[in-house]
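One structure below.
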Amino acid sequence: MSEHKTINITLKVWRQAGLQEQGRFETIPVEDVDPNMSFLEMLDFLNEKLILEDKEPIEFDNDCREGICGTCGAMVNGIPHGHGKGMTICQLHMRAFSDGDTIVVEPFRSRAFKVVKDLIVDRSALDKIIQAGGYISVNTGGAADANALPIAQEKAEEAMDAAACVGCGACVASCPNASAMLFVSAKVSQFALLPQGQPEATRRVLAMLKEMDNCGFGNCTNHRACEYACPKEVSITHIARFNREFLKAGLFGRSTVGAK
Ligand code: SF4
Ligand code: FES
């Protein structure tokens, strides 16, 4: 069996003891990193060493580790989830780096995301936006009713693409305005494209936008950094749809049957 070639890297990682504490970058050399480790496995590997040395391990969020849950997230060399296109940081592998590299790791930053500890940020503001209107509460019947509703394949595909958003917040972290518009537009689009989403469409778009503002997110000025950063490659065409939904809600006061 051929021997695995390991690499040595230097991490410049954000350390912050708590919400109210001052943070700072710490430089930590990490030796013998297997290129087949994922980025999070590399942090696990480093943390085991730190614990053995009686030092504080680096705290970071994670759960599924396969790009599904949206729990993980950090800036790697200034890019949310690192430079791999269409992937979360848990899907990023150390083979994307070279021996001797210095890698800067810091938390997602925005006024609405407070740093809780090290790389962990509080992203509950995104949950608040969903609670404001990102759901359907009207009776949509059973599976048989859903099957009886003709929906064009193209619309169904687009709704599925919007629903791929995992709520990671990378779009916010990449945006110079710290806007959550890509996230909000994906959540509005997934319903706006389907008949089941229509009865509450007016209330949904207005309430979600209001909550986005309340939470301290900025507005969209078409930088498109969000689209590049999104691990699910959610398109900014959903922002255009969001704007159309907003206009319909504001100007024409579209039907609010069943709305709260
Ligand atoms: S739109 Fe993309 S980047 Fe933003 S929260 Fe959803 S999955 Fe993450
Ligand atoms: S840990 Fe679930 S998407 Fe990364």
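Numbering starts fresh at 1 for the residues of each chain in the structure tokens, the chains themselves are lettered A, B, ... in the order given, and ligands are numbered from 1 as they appear.
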Considering only C-alpha atoms and all ligand atoms, tabulate each residue of chain A that lies at most 8 Å from ligand 1 along with its nearest interatomic pair and the corresponding distance in Å to one decimal; arrange the rows by chain and ascending residue number and present them as CSV.
```
residue,atom,partner,partner_atom_place_in_ligand_line,distance
A:Gly70,CA,ligand 1,8 (Fe),6.9
A:Ala164,CA,ligand 1,7 (S),6.8
A:Cys165,CA,ligand 1,7 (S),3.7
A:Val166,CA,ligand 1,7 (S),4.4
A:Gly167,CA,ligand 1,5 (S),3.5
A:Cys168,CA,ligand 1,8 (Fe),3.9
A:Gly169,CA,ligand 1,5 (S),4.1
A:Ala170,CA,ligand 1,3 (S),4.1
A:Cys171,CA,ligand 1,3 (S),4.0
A:Val172,CA,ligand 1,4 (Fe),6.7
A:Ala180,CA,ligand 1,4 (Fe),7.1
A:Leu182,CA,ligand 1,1 (S),4.9
A:Phe183,CA,ligand 1,1 (S),4.0
A:Val184,CA,ligand 1,1 (S),7.7
A:Ala186,CA,ligand 1,1 (S),6.3
A:Cys226,CA,ligand 1,3 (S),6.3
A:Glu227,CA,ligand 1,2 (Fe),7.2
A:Ala229,CA,ligand 1,3 (S),6.1
A:Cys230,CA,ligand 1,3 (S),3.6
A:Pro231,CA,ligand 1,7 (S),5.7
A:Lys232,CA,ligand 1,7 (S),5.1
A:Glu233,CA,ligand 1,2 (Fe),6.4
A:Val234,CA,ligand 1,2 (Fe),5.5
```
Keeping only N, CA, C and O atoms, write the selected residues to a file as a JSON list (two decimals), in the first residue's frame.
```json
[["chain", "number", "residue", "atom", "x", "y", "z"],
["A", 70, "GLY", "N", -27.03, 22.37, 7.04],
["A", 70, "GLY", "CA", -26.77, 23.81, 7.08],
["A", 70, "GLY", "C", -26.24, 24.30, 8.41],
["A", 70, "GLY", "O", -26.16, 25.51, 8.64],
["A", 164, "ALA", "N", -33.85, 24.00, -1.83],
["A", 164, "ALA", "CA", -32.54, 23.41, -1.50],
["A", 164, "ALA", "C", -31.79, 24.24, -0.46],
["A", 164, "ALA", "O", -30.84, 23.76, 0.15],
["A", 165, "CYS", "N", -32.22, 25.48, -0.25],
["A", 165, "CYS", "CA", -31.56, 26.34, 0.75],
["A", 165, "CYS", "C", -31.56, 25.65, 2.11],
["A", 165, "CYS", "O", -32.60, 25.22, 2.60],
["A", 166, "VAL", "N", -30.38, 25.55, 2.71],
["A", 166, "VAL", "CA", -30.25, 24.87, 4.01],
["A", 166, "VAL", "C", -30.15, 25.85, 5.17],
["A", 166, "VAL", "O", -29.92, 25.45, 6.31],
["A", 167, "GLY", "N", -30.29, 27.14, 4.89],
["A", 167, "GLY", "CA", -30.31, 28.14, 5.97],
["A", 167, "GLY", "C", -28.98, 28.30, 6.68],
["A", 167, "GLY", "O", -28.94, 28.56, 7.88],
["A", 168, "CYS", "N", -27.88, 28.18, 5.92],
["A", 168, "CYS", "CA", -26.56, 28.23, 6.56],
["A", 168, "CYS", "C", -26.11, 29.66, 6.89],
["A", 168, "CYS", "O", -25.31, 29.88, 7.79],
["A", 169, "GLY", "N", -26.59, 30.64, 6.12],
["A", 169, "GLY", "CA", -26.21, 32.03, 6.37],
["A", 169, "GLY", "C", -24.98, 32.50, 5.61],
["A", 169, "GLY", "O", -24.52, 33.62, 5.81],
["A", 170, "ALA", "N", -24.45, 31.65, 4.71],
["A", 170, "ALA", "CA", -23.26, 32.06, 3.94],
["A", 170, "ALA", "C", -23.57, 33.27, 3.06],
["A", 170, "ALA", "O", -22.70, 34.10, 2.82],
["A", 171, "CYS", "N", -24.81, 33.35, 2.58],
["A", 171, "CYS", "CA", -25.20, 34.48, 1.74],
["A", 171, "CYS", "C", -25.07, 35.79, 2.52],
["A", 171, "CYS", "O", -24.60, 36.80, 1.99],
["A", 172, "VAL", "N", -25.44, 35.76, 3.77],
["A", 172, "VAL", "CA", -25.35, 36.94, 4.64],
["A", 172, "VAL", "C", -23.88, 37.31, 4.85],
["A", 172, "VAL", "O", -23.47, 38.46, 4.73],
["A", 180, "ALA", "N", -29.90, 39.32, 4.01],
["A", 180, "ALA", "CA", -30.36, 37.92, 4.01],
["A", 180, "ALA", "C", -31.30, 37.69, 2.83],
["A", 180, "ALA", "O", -32.10, 36.75, 2.84],
["A", 182, "LEU", "N", -31.02, 36.56, -0.26],
["A", 182, "LEU", "CA", -31.02, 35.29, -1.01],
["A", 182, "LEU", "C", -31.78, 34.22, -0.22],
["A", 182, "LEU", "O", -32.59, 33.48, -0.77],
["A", 183, "PHE", "N", -31.52, 34.18, 1.08],
["A", 183, "PHE", "CA", -32.22, 33.24, 1.96],
["A", 183, "PHE", "C", -33.73, 33.50, 1.92],
["A", 183, "PHE", "O", -34.53, 32.60, 1.67],
["A", 184, "VAL", "N", -34.12, 34.77, 2.16],
["A", 184, "VAL", "CA", -35.55, 35.11, 2.23],
["A", 184, "VAL", "C", -36.22, 34.84, 0.88],
["A", 184, "VAL", "O", -37.32, 34.29, 0.82],
["A", 186, "ALA", "N", -35.38, 32.69, -1.40],
["A", 186, "ALA", "CA", -35.52, 31.24, -1.63],
["A", 186, "ALA", "C", -36.75, 30.72, -0.88],
["A", 186, "ALA", "O", -37.53, 29.93, -1.41],
["A", 226, "CYS", "N", -23.62, 36.64, -2.80],
["A", 226, "CYS", "CA", -24.41, 35.58, -2.15],
["A", 226, "CYS", "C", -24.53, 34.35, -3.04],
["A", 226, "CYS", "O", -24.38, 33.22, -2.59],
["A", 227, "GLU", "N", -24.80, 34.60, -4.32],
["A", 227, "GLU", "CA", -25.00, 33.50, -5.27],
["A", 227, "GLU", "C", -23.72, 32.67, -5.39],
["A", 227, "GLU", "O", -23.76, 31.44, -5.46],
["A", 229, "ALA", "N", -21.39, 32.44, -3.06],
["A", 229, "ALA", "CA", -21.07, 31.80, -1.77],
["A", 229, "ALA", "C", -22.02, 30.66, -1.42],
["A", 229, "ALA", "O", -21.67, 29.79, -0.61],
["A", 230, "CYS", "N", -23.19, 30.65, -2.01],
["A", 230, "CYS", "CA", -24.22, 29.69, -1.57],
["A", 230, "CYS", "C", -23.81, 28.25, -1.86],
["A", 230, "CYS", "O", -23.57, 27.88, -3.01],
["A", 231, "PRO", "N", -23.75, 27.40, -0.84],
["A", 231, "PRO", "CA", -23.36, 26.01, -1.08],
["A", 231, "PRO", "C", -24.41, 25.22, -1.87],
["A", 231, "PRO", "O", -24.12, 24.16, -2.40],
["A", 232, "LYS", "N", -25.61, 25.74, -1.95],
["A", 232, "LYS", "CA", -26.68, 25.06, -2.70],
["A", 232, "LYS", "C", -26.93, 25.74, -4.04],
["A", 232, "LYS", "O", -27.91, 25.44, -4.72],
["A", 233, "GLU", "N", -26.07, 26.69, -4.37],
["A", 233, "GLU", "CA", -26.14, 27.41, -5.65],
["A", 233, "GLU", "C", -27.54, 27.97, -5.94],
["A", 233, "GLU", "O", -28.04, 27.87, -7.05],
["A", 234, "VAL", "N", -28.13, 28.53, -4.88],
["A", 234, "VAL", "CA", -29.44, 29.18, -5.05],
["A", 234, "VAL", "C", -29.23, 30.41, -5.93],
["A", 234, "VAL", "O", -28.33, 31.22, -5.68]]
```
Contacts of Glu106 of chain A at 6 Å (only C-alpha atoms; same-chain gap of 2+ positions) as a list of chain:residue names:
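With the cut-off at 6 Å, the set is A:Val13, A:Trp14, A:Ala74, A:Met75, A:Leu119.
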Those residues with N, CA and C atoms, as a short mmCIF file (atom, residue, chain, number, x, y, z; two decimals), in the first residue's frame please?
```
data_model
loop_
_atom_site.label_atom_id
_atom_site.label_comp_id
_atom_site.auth_asym_id
_atom_site.auth_seq_id
_atom_site.Cartn_x
_atom_site.Cartn_y
_atom_site.Cartn_z
N VAL A 13 -6.75 31.27 13.36
CA VAL A 13 -8.14 30.99 13.69
C VAL A 13 -8.67 31.98 14.74
N TRP A 14 -9.94 32.36 14.53
CA TRP A 14 -10.57 33.32 15.45
C TRP A 14 -10.90 32.63 16.78
N ALA A 74 -18.17 28.68 8.26
CA ALA A 74 -17.13 29.59 8.73
C ALA A 74 -16.48 30.18 7.48
N MET A 75 -15.80 31.30 7.66
CA MET A 75 -15.07 31.90 6.55
C MET A 75 -13.71 31.22 6.47
N LEU A 119 -15.80 29.93 16.39
CA LEU A 119 -16.38 29.98 15.05
C LEU A 119 -17.91 29.87 15.06
#
```
Nearby polymer residues, ligand 2, at most 9 Å, only C-alpha atoms and all ligand atoms, as a list in words:
Leu40, Asp61, Asn62, Asp63, Cys64, Arg65, Glu66, Gly67, Ile68, Cys69, Gly70, Thr71, Cys72, Gly73, Met87, Thr88, Ile89, Cys90, Gln91, Val166, Cys168 and Pro231 of chain A
Enter the distance from atom CA of Gln196 of chain A to atom CA of Ala143 of chain A, in Å, rounded to one decimal.
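Result for atom CA of Gln196 of chain A versus atom CA of Ala143 of chain A: 12.5 Å, one decimal.
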So which residues touch segment 132-139 of chain A within 6 Å, counting only C-alpha atoms, skipping near sequence neighbours fewer than 6 positions away, as a PyMOL selection string?
chain A and resi 204+207-208
Quick one: of A:Ile130, A:Gly250, A:Ser189, A:Ala159, who's nearest to Glu211 of chain A, counting only C-alpha atoms?
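That would be A:Ile130, the residue with the smallest distance to Glu211 of chain A.
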Could you work out how far atom CA of Glu59 of chain A lies from atom CA of Leu11 of chain A, giving the answer in Å with one decimal?
14.2 Å
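Pairwise distance (atom CA of Leu194 of chain A, atom CA of His223 of chain A) equals 28.2 Å.
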Which polymer residues have any atom within 9 Å of an atom of segment 146-149 of chain A, counting only C-alpha atoms, with same-chain residues fewer than 5 positions away left out, as a ChimeraX atom specification?
/A:140-141,195-196
Can you list, as JSON, numbers by chain, every protein, DNA or RNA residue that comes within 10 Å of segment 236-242 of chain A when you count only C-alpha atoms, leaving out same-chain residues fewer than 5 positions away?
{"A": [158, 159, 161, 162, 181, 182, 183, 184, 185, 186, 187, 188, 189, 190, 192, 193, 205, 209, 220, 222, 224, 225, 226, 227, 228, 247, 248]}
Which residues are close to Val30 of chain A, i.e. within 6 Å by only C-alpha atoms, leaving aside same-chain residues fewer than 6 positions away? Reply as an NGL selection string.
:A and (8-10)
Let's see if you can do this: from backbone DSSP, list all strand (DSSP E or B) residues in segment 19-256 of chain A, as a PyMOL selection string.
chain A and resi 24-33+38+75-76+79-80+93+102-106+110+113-117+120-122+179+218
Hey, what's within 12 Å of segment 15-28 of chain A if we count only C-alpha atoms and toss same-chain stuff fewer than 4 positions away? As an NGL selection string, please?
:A and (8-11 or 43 or 46-47 or 49-50 or 55-60 or 102-107 or 113-122)
Using only C-alpha atoms, can you tell me which of A:Gln131, A:Ala152, A:Ala125, A:Glu200 comes closest to Asp213 of chain A?
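Among A:Gln131, A:Ala152, A:Ala125, A:Glu200, it is A:Ala125 that comes nearest to Asp213 of chain A.
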Could you find all residues in segment 11-257 of chain A that DSSP calls helix (DSSP H, G or I) from the backbone, and write them as JSON, numbers by chain?
{"A": [39, 40, 41, 42, 43, 44, 45, 46, 47, 48, 49, 50, 51, 52, 89, 90, 91, 94, 95, 96, 124, 125, 126, 127, 128, 129, 130, 131, 132, 133, 143, 144, 145, 146, 147, 148, 153, 154, 155, 156, 157, 158, 159, 160, 161, 162, 163, 170, 171, 172, 173, 174, 181, 182, 183, 184, 185, 186, 187, 188, 189, 190, 191, 192, 195, 196, 197, 201, 202, 203, 204, 205, 206, 207, 208, 209, 210, 211, 212, 213, 214, 225, 226, 227, 228, 229, 237, 238, 239, 240, 241, 242, 243, 244, 245, 246, 247, 248, 249, 250, 251, 252]}
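Distances here use only C-alpha atoms; by that measure, the residue among A:Arg111, A:Arg95, A:Arg203, A:Arg123 closest to His4 of chain A is A:Arg95.
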